[in-house]
>>> print(open('model20.txt').read())   # compact mmCIF, C-alpha atoms
# COMPACT_ATOMS: atom_id res chain seq x y z
CA ALA A 78 -9.04 47.42 -7.95
CA GLN A 79 -11.16 45.13 -10.04
CA SER A 80 -10.04 42.14 -12.07
CA VAL A 81 -11.48 39.24 -14.01
CA ALA A 82 -9.95 35.88 -14.89
CA GLN A 83 -10.83 33.34 -17.53
CA PRO A 84 -8.68 30.33 -16.64
CA GLU A 85 -9.18 28.45 -19.91
CA ASP A 86 -7.70 29.70 -23.19
CA GLN A 87 -9.75 27.16 -25.12
CA VAL A 88 -12.75 24.94 -24.50
CA ASN A 89 -13.61 22.08 -26.85
CA VAL A 90 -17.09 20.52 -26.82
CA ALA A 91 -18.97 18.15 -29.07
CA GLU A 92 -22.13 19.47 -30.67
CA GLY A 93 -25.18 18.69 -28.56
CA ASN A 94 -23.24 18.48 -25.31
CA PRO A 95 -23.49 21.05 -22.55
CA LEU A 96 -20.80 23.71 -22.40
CA THR A 97 -19.30 25.83 -19.62
CA VAL A 98 -16.92 28.75 -19.98
CA LYS A 99 -15.43 29.79 -16.66
CA CYS A 100 -15.02 33.27 -15.22
CA THR A 101 -13.98 34.52 -11.79
CA TYR A 102 -13.82 38.13 -10.66
CA SER A 103 -12.65 40.49 -7.98
CA VAL A 104 -14.24 43.88 -7.20
CA SER A 105 -14.30 46.14 -4.19
CA GLY A 106 -18.05 46.78 -4.25
CA ASN A 107 -21.02 45.01 -5.75
CA PRO A 108 -20.18 43.45 -9.12
CA TYR A 109 -21.74 44.12 -12.46
CA LEU A 110 -20.87 41.11 -14.63
CA PHE A 111 -21.11 40.67 -18.39
CA TRP A 112 -20.47 38.12 -21.11
CA TYR A 113 -19.63 39.06 -24.69
CA VAL A 114 -19.00 37.00 -27.82
CA GLN A 115 -16.72 37.87 -30.72
CA TYR A 116 -17.05 36.11 -34.04
CA PRO A 117 -14.15 36.25 -36.53
CA ASN A 118 -13.59 39.72 -37.97
CA ARG A 119 -16.46 41.17 -35.97
CA GLY A 120 -16.87 43.47 -33.00
CA LEU A 121 -18.07 42.27 -29.59
CA GLN A 122 -21.71 41.31 -29.12
CA PHE A 123 -23.39 41.53 -25.73
CA LEU A 124 -24.76 38.18 -24.49
CA LEU A 125 -25.99 38.74 -20.94
CA LYS A 126 -25.38 40.53 -17.68
CA TYR A 127 -25.83 40.24 -13.94
CA ILE A 128 -26.45 43.37 -11.92
CA THR A 129 -28.85 42.28 -9.21
CA GLY A 130 -31.66 39.80 -8.69
CA ASP A 131 -31.74 36.14 -9.66
CA ASN A 132 -28.38 34.42 -9.68
CA LEU A 133 -29.22 32.60 -12.92
CA VAL A 134 -29.26 35.00 -15.83
CA LYS A 135 -30.55 34.09 -19.29
CA GLY A 136 -29.26 35.77 -22.40
CA SER A 137 -29.03 35.63 -26.17
CA TYR A 138 -28.66 32.46 -28.30
CA GLY A 139 -29.71 30.15 -25.44
CA PHE A 140 -26.81 31.08 -23.18
CA GLU A 141 -27.14 31.53 -19.44
CA ALA A 142 -24.76 32.36 -16.61
CA GLU A 143 -24.83 31.71 -12.90
CA PHE A 144 -23.64 34.31 -10.42
CA ASN A 145 -22.00 32.74 -7.37
CA LYS A 146 -21.07 35.31 -4.79
CA SER A 147 -19.23 32.97 -2.42
CA GLN A 148 -17.04 31.64 -5.21
CA THR A 149 -16.84 35.02 -6.99
CA SER A 150 -17.68 33.27 -10.24
CA PHE A 151 -19.91 33.96 -13.22
CA HIS A 152 -19.63 30.91 -15.49
CA LEU A 153 -21.29 30.93 -18.91
CA LYS A 154 -23.34 27.86 -19.79
CA LYS A 155 -25.47 26.37 -22.53
CA PRO A 156 -27.33 23.06 -22.26
CA SER A 157 -26.71 21.95 -25.85
CA ALA A 158 -23.84 23.38 -27.92
CA LEU A 159 -24.11 24.26 -31.60
CA VAL A 160 -21.28 24.41 -34.12
CA SER A 161 -22.28 28.04 -34.70
CA ASP A 162 -21.41 28.80 -31.04
CA SER A 163 -17.74 28.52 -31.95
CA ALA A 164 -16.27 31.94 -31.20
CA LEU A 165 -14.21 33.94 -28.69
CA TYR A 166 -15.98 34.66 -25.41
CA PHE A 167 -15.10 37.46 -23.00
CA CYS A 168 -16.18 37.88 -19.40
CA ALA A 169 -16.19 41.46 -18.09
CA VAL A 170 -16.73 43.17 -14.76
CA ARG A 171 -17.16 46.56 -13.16
CA ASP A 172 -18.09 47.62 -9.67
CA ASP A 173 -21.21 49.57 -8.86
CA SER A 174 -19.69 53.05 -8.73
CA SER A 175 -20.91 55.26 -11.54
CA ALA A 176 -17.40 56.10 -12.70
CA SER A 177 -16.21 52.52 -12.83
CA LYS A 178 -14.86 51.24 -16.10
CA ILE A 179 -15.50 47.76 -17.48
CA ILE A 180 -12.55 45.36 -17.37
CA PHE A 181 -12.37 42.41 -19.75
CA GLY A 182 -10.96 38.95 -19.18
CA SER A 183 -8.37 37.40 -21.45
CA GLY A 184 -10.97 35.53 -23.48
CA THR A 185 -11.80 31.87 -24.05
CA ARG A 186 -11.96 30.34 -27.49
CA LEU A 187 -14.90 27.97 -27.70
CA SER A 188 -14.69 25.27 -30.37
CA ILE A 189 -17.70 23.07 -31.05
CA ARG A 190 -16.99 19.97 -33.13
CA PRO A 191 -19.75 18.39 -35.23
CA SER B 286 -29.37 48.91 -28.19
CA ALA B 287 -27.21 51.52 -29.89
CA VAL B 288 -25.98 51.14 -33.47
CA ILE B 289 -22.34 52.13 -33.74
CA SER B 290 -20.58 52.68 -37.06
CA GLN B 291 -16.81 52.84 -37.39
CA LYS B 292 -14.72 53.96 -40.31
CA PRO B 293 -12.44 52.69 -41.73
CA SER B 294 -13.21 49.04 -41.12
CA ARG B 295 -9.61 48.17 -41.98
CA ASP B 296 -6.51 49.89 -43.26
CA ILE B 297 -2.89 49.20 -44.02
CA CYS B 298 -0.58 52.05 -43.10
CA GLN B 299 3.07 52.91 -43.36
CA ARG B 300 5.29 53.38 -40.34
CA GLY B 301 5.43 56.98 -39.15
CA THR B 302 2.05 58.03 -40.54
CA SER B 303 -1.16 58.78 -38.62
CA LEU B 304 -4.68 57.45 -39.05
CA THR B 305 -7.96 58.82 -37.74
CA ILE B 306 -10.78 56.43 -36.90
CA GLN B 307 -14.33 57.74 -36.81
CA CYS B 308 -17.15 56.49 -34.60
CA GLN B 309 -20.79 57.46 -35.17
CA VAL B 310 -23.62 56.46 -32.82
CA ASP B 311 -27.29 56.51 -33.74
CA SER B 312 -28.32 58.11 -30.44
CA GLN B 313 -26.93 60.69 -28.04
CA VAL B 314 -24.63 59.23 -25.41
CA THR B 315 -22.71 60.87 -22.61
CA MET B 316 -19.66 58.64 -22.55
CA MET B 317 -17.87 56.93 -25.42
CA PHE B 318 -15.00 54.54 -24.92
CA TRP B 319 -12.08 53.57 -27.13
CA TYR B 320 -10.56 50.09 -26.71
CA ARG B 321 -7.60 48.39 -28.33
CA GLN B 322 -7.47 44.67 -29.05
CA GLN B 323 -4.00 43.54 -30.03
CA PRO B 324 -3.70 40.30 -32.04
CA GLY B 325 -4.81 37.34 -29.95
CA GLN B 326 -5.35 39.54 -26.91
CA SER B 327 -8.20 40.87 -24.84
CA LEU B 328 -9.54 44.40 -24.87
CA THR B 329 -7.66 47.24 -23.22
CA LEU B 330 -9.33 50.56 -22.53
CA ILE B 331 -7.44 53.44 -24.14
CA ALA B 332 -9.57 56.36 -23.01
CA THR B 333 -13.01 57.65 -22.17
CA ALA B 334 -14.29 60.42 -24.43
CA ASN B 335 -16.69 62.89 -22.84
CA GLN B 336 -18.42 65.58 -24.86
CA GLY B 337 -17.18 69.05 -24.02
CA SER B 338 -14.12 68.02 -22.04
CA GLU B 339 -10.74 66.42 -22.50
CA ALA B 340 -10.65 62.66 -22.85
CA THR B 341 -9.54 60.64 -19.83
CA TYR B 342 -6.65 58.34 -20.69
CA GLU B 343 -5.78 55.06 -19.02
CA SER B 344 -2.33 54.21 -17.75
CA GLY B 345 0.04 53.59 -20.62
CA PHE B 346 -1.85 55.72 -23.13
CA VAL B 347 -1.10 59.39 -23.80
CA ILE B 348 -2.86 62.15 -25.68
CA ASP B 349 0.08 62.83 -28.00
CA LYS B 350 -0.06 59.27 -29.31
CA PHE B 351 -3.86 58.81 -29.27
CA PRO B 352 -5.57 62.19 -29.59
CA ILE B 353 -9.35 61.98 -29.28
CA SER B 354 -12.05 64.37 -30.35
CA ARG B 355 -15.65 64.42 -29.13
CA PRO B 356 -17.40 67.32 -30.87
CA ASN B 357 -20.95 66.22 -30.05
CA LEU B 358 -22.99 63.52 -28.31
CA THR B 359 -23.07 61.15 -31.30
CA PHE B 360 -19.54 61.30 -32.73
CA SER B 361 -15.93 60.74 -31.74
CA THR B 362 -12.59 60.23 -33.43
CA LEU B 363 -9.43 58.46 -32.33
CA THR B 364 -6.15 59.21 -34.06
CA VAL B 365 -3.24 56.81 -33.90
CA SER B 366 -0.19 59.01 -34.40
CA ASN B 367 3.30 58.24 -35.68
CA MET B 368 2.40 54.61 -36.11
CA SER B 369 4.74 51.67 -35.65
CA PRO B 370 4.10 47.96 -36.27
CA GLU B 371 3.31 47.60 -32.54
CA ASP B 372 0.19 49.70 -33.16
CA SER B 373 -1.27 46.98 -35.38
CA SER B 374 -4.52 46.17 -33.59
CA ILE B 375 -8.25 46.30 -33.74
CA TYR B 376 -9.53 49.60 -32.37
CA LEU B 377 -13.05 49.48 -31.00
CA CYS B 378 -15.47 52.26 -30.17
CA SER B 379 -18.13 51.57 -27.56
CA VAL B 380 -20.91 53.25 -25.62
CA ARG B 381 -22.53 52.30 -22.34
CA ALA B 382 -26.26 51.76 -22.18
CA ASN B 383 -28.31 53.14 -19.31
CA THR B 384 -28.69 49.51 -18.20
CA GLY B 385 -24.92 49.18 -17.78
CA GLU B 386 -23.67 47.05 -20.66
CA LEU B 387 -21.38 48.23 -23.41
CA PHE B 388 -22.24 48.18 -27.08
CA PHE B 389 -19.44 48.01 -29.62
CA GLY B 390 -18.80 49.00 -33.18
CA GLU B 391 -17.44 46.43 -35.60
CA GLY B 392 -13.92 47.67 -35.04
CA SER B 393 -11.19 49.18 -37.20
CA ARG B 394 -8.46 46.70 -38.10
CA LEU B 395 -5.17 48.50 -38.48
CA THR B 396 -2.02 46.95 -39.93
CA VAL B 397 1.18 48.99 -39.81
CA LEU B 398 4.01 47.98 -42.12
>>> encode(input="model20.txt", output="structure tokens")
Amino acid sequence: AQSVAQPEDQVNVAEGNPLTVKCTYSVSGNPYLFWYVQYPNRGLQFLLKYITGDNLVKGSYGFEAEFNKSQTSFHLKKPSALVSDSALYFCAVRDDSSASKIIFGSGTRLSIRP
Amino acid sequence: SAVISQKPSRDICQRGTSLTIQCQVDSQVTMMFWYRQQPGQSLTLIATANQGSEATYESGFVIDKFPISRPNLTFSTLTVSNMSPEDSSIYLCSVRANTGELFFGEGSRLTVL
């Protein structure tokens, strides 16, 4: 069975500071990992993914994530936060079988103060 | 990326009634997925809708409560039947790209009184 955990309900960061949103996962095979963002009253927008290759993945809006196999983590990062980054962020995972469904974490609310 | 349109975007319904949500995709896709996002919660997969076959429901979701249609490769509907206030949620349609990620519609926000 696969699972994903986001240990922080909320992360607060000052504008201009680096941000990290944590995610850990558990899958039986090779992981496919994703980050999504949800702005108020909107659907989910895809940010980035890791399937294979470089452990550091770059995505939309200046976000990046680092895949760490030994720690089973896929933390989302950004070097300099913007107020407009304030939103709900979801980590998601599936294993590499074709029939596998994508499981979402509980979400982390990111709040960037001016 | 796929463009996914959902209708209605929001609705307020009375207890005991049913509502059908439509999902239209701008390209042909094999699998479409219906998720529920309850207030303040994460996403839970309701079912996978495959064209030409019965939908596959996840544990805790049944066809009588959430019937799904998938008449062609670009369209699906989800009906929420005999609604109660506990059904108040955002219902999201999604499709999976060939590269593995999901793309979502804007969601249908349902409030049941």
>>> residues_around(input="model20.txt", residues="Met317 in chain B", least_positions_apart="4", cutoff="7 Å", atoms="only C-alpha atoms", output="NGL selection string")
:B and (333-335 or 379-380)
>>> residues_near_point(input="model20.txt", point="(-21.0, 34.5, -6.9)", cutoff="12 Å", atoms="all atoms listed in the file", output="PyMOL selection string")
chain A and resi 100-104+107-110+127-129+131-133+142-152
>>> closest_residue(input="model20.txt", among="A:Cys168, A:Ala78, A:Leu159, A:Leu121", to="chain B", atoms="all atoms listed in the file")
A:Leu121
>>> residues_around(input="model20.txt", residues="Asn118 in chain A", least_positions_apart="2", cutoff="10 Å", atoms="all atoms listed in the file", output="list in words")
Gln115, Tyr116, Gly120 and Leu121 of chain A; Ser294, Ile375, Glu391, Gly392, Ser393 and Arg394 of chain B
>>> atom_distance(input="model20.txt", atom1="CA of Pro84 in chain A", atom2="CA of Phe167 in chain A")
11.5 Å
>>> closest_residue(input="model20.txt", among="A:Asp173, A:Gly139, A:Pro117, A:Lys126", to="Gly325 in chain B", atoms="all atoms listed in the file")
A:Pro117
>>> interface_residues(input="model20.txt", of="chain A", to="chain B", cutoff="7 Å", atoms="all atoms listed in the file", output="VMD selection string")
chain A and resid 119 to 121 123 181 to 184
>>> write_last_selection(input="model20.txt", atoms="C-alpha atoms", output="JSON list (two decimals), keeping the file's coordinate frame")
[["chain", "number", "residue", "atom", "x", "y", "z"],
["A", 119, "ARG", "CA", -16.46, 41.17, -35.97],
["A", 120, "GLY", "CA", -16.87, 43.47, -33.00],
["A", 121, "LEU", "CA", -18.07, 42.27, -29.59],
["A", 123, "PHE", "CA", -23.39, 41.53, -25.73],
["A", 181, "PHE", "CA", -12.37, 42.41, -19.75],
["A", 182, "GLY", "CA", -10.96, 38.95, -19.18],
["A", 183, "SER", "CA", -8.37, 37.40, -21.45],
["A", 184, "GLY", "CA", -10.97, 35.53, -23.48]]
